[in-house]
Amino acid sequence: MSYQFQLKQFRFSQNSPNTTGSAAIPIGTIIPTVLAHFQIHTNRDDSVQLVGNVGWRADGDGVSNFVSVLFEILRGNTVIYSASDSAVSEKDNLRLTPLSHIDSGFTSSGDVTYTLRATTEFPANPTASTAIGPISLYGKRIDTDK
């Protein structure tokens, strides 16, 4: 049995310029901070390969040097992927967090919005972490012909 996959559509969202230091977006603690989003058309039985990365800095809060950030990818309003990353603000405080997920299980055809967002998990201080770039999220819609 062989499978053939065909790239049908490519969409992306990225910072411009997409370099370290090109952004200064505080990552919230209660309300997630949206970092990127795009819309792509899907059909039944399609898959979408999602890839992203976020350059961020652990700033700490003056009490704790440990900072943890939760990254989430949403399809519409539903979280379909999440990953945590952490850093210590007084040393090794710069991070580039890679994200990767295959989304499938579409029941009908239509446009889908994907959103990348981040929330500072610890400490509970809205200035403890900052997205500094690069920031990217892209999706490749793949048609599967069995």
# chains A, B, ... in the order shown; residues from 1 in each chain; ligands from 1
>>> residues_around(residues="Phe122 of chain A", least_positions_apart="5", cutoff="10 Å", atoms="only C-alpha atoms", output="PyMOL selection string")
chain A and resi 29+60-61+64-70+86+128-129
>>> select_by_dssp(residues="segment 42-114 of chain A", states="strand (DSSP E)", output="number ranges by chain")
A: 42, 47-58, 66-75, 78-88, 94-103, 110-114
>>> write_last_selection(atoms="C-alpha atoms", output="tab-separated table (two decimals), in the first residue's frame")
chain	number	residue	atom	x	y	z
A	42	THR	CA	-9.36	22.73	4.54
A	47	SER	CA	-4.16	17.33	7.26
A	48	VAL	CA	-2.44	20.58	8.16
A	49	GLN	CA	1.19	20.61	9.22
A	50	LEU	CA	1.75	23.46	11.68
A	51	VAL	CA	5.23	24.73	12.50
A	52	GLY	CA	6.21	27.75	14.53
A	53	ASN	CA	8.82	29.28	16.77
A	54	VAL	CA	8.93	32.02	19.34
A	55	GLY	CA	12.00	33.89	20.49
A	56	TRP	CA	11.40	35.06	24.05
A	57	ARG	CA	13.24	36.45	27.05
A	58	ALA	CA	12.85	35.54	30.72
A	66	PHE	CA	12.68	31.01	37.13
A	67	VAL	CA	10.17	31.76	34.35
A	68	SER	CA	7.83	29.29	32.65
A	69	VAL	CA	5.79	30.07	29.53
A	70	LEU	CA	2.94	28.01	28.02
A	71	PHE	CA	2.63	28.12	24.22
A	72	GLU	CA	-0.65	27.03	22.58
A	73	ILE	CA	-1.89	26.59	19.03
A	74	LEU	CA	-5.65	26.88	18.57
A	75	ARG	CA	-7.92	25.77	15.74
A	78	THR	CA	-10.01	25.02	20.62
A	79	VAL	CA	-6.50	24.33	21.88
A	80	ILE	CA	-5.03	21.57	19.70
A	81	TYR	CA	-1.39	21.80	20.84
A	82	SER	CA	0.45	23.07	23.89
A	83	ALA	CA	4.01	23.06	25.17
A	84	SER	CA	5.78	24.71	28.09
A	85	ASP	CA	9.29	26.11	28.08
A	86	SER	CA	11.29	27.70	30.88
A	87	ALA	CA	14.37	29.80	31.48
A	88	VAL	CA	16.25	31.49	34.32
A	94	LEU	CA	17.01	33.94	25.91
A	95	ARG	CA	14.97	31.11	24.39
A	96	LEU	CA	13.84	30.05	20.94
A	97	THR	CA	10.95	27.63	21.44
A	98	PRO	CA	10.10	25.40	18.44
A	99	LEU	CA	6.51	24.21	17.91
A	100	SER	CA	5.25	21.46	15.60
A	101	HIS	CA	1.89	19.71	15.20
A	102	ILE	CA	-0.14	17.80	12.58
A	103	ASP	CA	-3.83	18.72	12.65
A	110	GLY	CA	-14.17	25.43	5.09
A	111	ASP	CA	-11.81	28.10	6.31
A	112	VAL	CA	-9.97	27.44	9.58
A	113	THR	CA	-8.15	30.00	11.71
A	114	TYR	CA	-5.00	28.96	13.57
>>> closest_residue(among="A:Thr107, A:Lys91, A:Arg141, A:Gly133", to="Arg44 of chain A", atoms="only C-alpha atoms")
A:Thr107
>>> closest_residue(among="A:Ser16, A:Ile31, A:Gly139, A:Leu7", to="Thr120 of chain A", atoms="only C-alpha atoms")
A:Ile31
>>> closest_residue(among="A:Gln9, A:Gly62, A:Gln39, A:Pro123", to="Leu137 of chain A", atoms="only C-alpha atoms")
A:Gln39
>>> atom_distance(atom1="atom CA of Gly21 of chain A", atom2="atom CA of Ile40 of chain A")
28.6 Å
>>> decode(residues="segment 104-125 of chain A", atoms="N, CA and C atoms", output="short mmCIF file (atom, residue, chain, number, x, y, z; two decimals), in the first residue's frame")
data_model
loop_
_atom_site.label_atom_id
_atom_site.label_comp_id
_atom_site.auth_asym_id
_atom_site.auth_seq_id
_atom_site.Cartn_x
_atom_site.Cartn_y
_atom_site.Cartn_z
N SER A 104 -5.59 17.17 12.05
CA SER A 104 -6.40 16.38 11.13
C SER A 104 -7.78 16.19 11.76
N GLY A 105 -8.61 15.38 11.11
CA GLY A 105 -9.93 15.11 11.65
C GLY A 105 -10.97 16.14 11.25
N PHE A 106 -10.79 16.78 10.10
CA PHE A 106 -11.76 17.76 9.63
C PHE A 106 -13.00 17.02 9.14
N THR A 107 -14.15 17.47 9.57
CA THR A 107 -15.40 16.80 9.21
C THR A 107 -16.12 17.45 8.03
N SER A 108 -15.66 18.65 7.66
CA SER A 108 -16.26 19.33 6.52
C SER A 108 -15.23 20.28 5.92
N SER A 109 -15.57 20.84 4.77
CA SER A 109 -14.71 21.82 4.11
C SER A 109 -15.00 23.21 4.64
N GLY A 110 -13.98 24.05 4.67
CA GLY A 110 -14.17 25.43 5.09
C GLY A 110 -12.88 26.07 5.53
N ASP A 111 -12.97 27.36 5.84
CA ASP A 111 -11.81 28.10 6.31
C ASP A 111 -11.61 27.86 7.80
N VAL A 112 -10.35 27.69 8.19
CA VAL A 112 -9.97 27.44 9.58
C VAL A 112 -8.95 28.49 9.98
N THR A 113 -9.11 29.05 11.18
CA THR A 113 -8.15 30.00 11.71
C THR A 113 -7.28 29.31 12.75
N TYR A 114 -5.96 29.46 12.58
CA TYR A 114 -5.00 28.96 13.57
C TYR A 114 -4.38 30.15 14.28
N THR A 115 -4.24 30.02 15.59
CA THR A 115 -3.70 31.09 16.42
C THR A 115 -2.60 30.53 17.31
N LEU A 116 -1.50 31.25 17.39
CA LEU A 116 -0.42 30.94 18.32
C LEU A 116 -0.49 31.96 19.45
N ARG A 117 -0.58 31.46 20.69
CA ARG A 117 -0.62 32.37 21.83
C ARG A 117 0.29 31.86 22.94
N ALA A 118 0.61 32.75 23.86
CA ALA A 118 1.51 32.42 24.96
C ALA A 118 0.99 33.01 26.26
N THR A 119 1.27 32.30 27.36
CA THR A 119 0.88 32.74 28.70
C THR A 119 2.05 32.46 29.65
N THR A 120 2.40 33.46 30.45
CA THR A 120 3.41 33.22 31.49
C THR A 120 2.75 32.40 32.59
N GLU A 121 3.29 31.21 32.84
CA GLU A 121 2.75 30.33 33.88
C GLU A 121 3.31 30.68 35.25
N PHE A 122 4.61 30.99 35.31
CA PHE A 122 5.26 31.33 36.57
C PHE A 122 6.41 32.26 36.28
N PRO A 123 6.63 33.28 37.05
CA PRO A 123 5.80 33.76 38.16
C PRO A 123 4.57 34.49 37.65
N ALA A 124 3.62 34.73 38.54
CA ALA A 124 2.37 35.40 38.17
C ALA A 124 2.59 36.90 38.09
N ASN A 125 3.43 37.31 37.14
CA ASN A 125 3.78 38.71 36.97
C ASN A 125 3.76 39.01 35.48
#
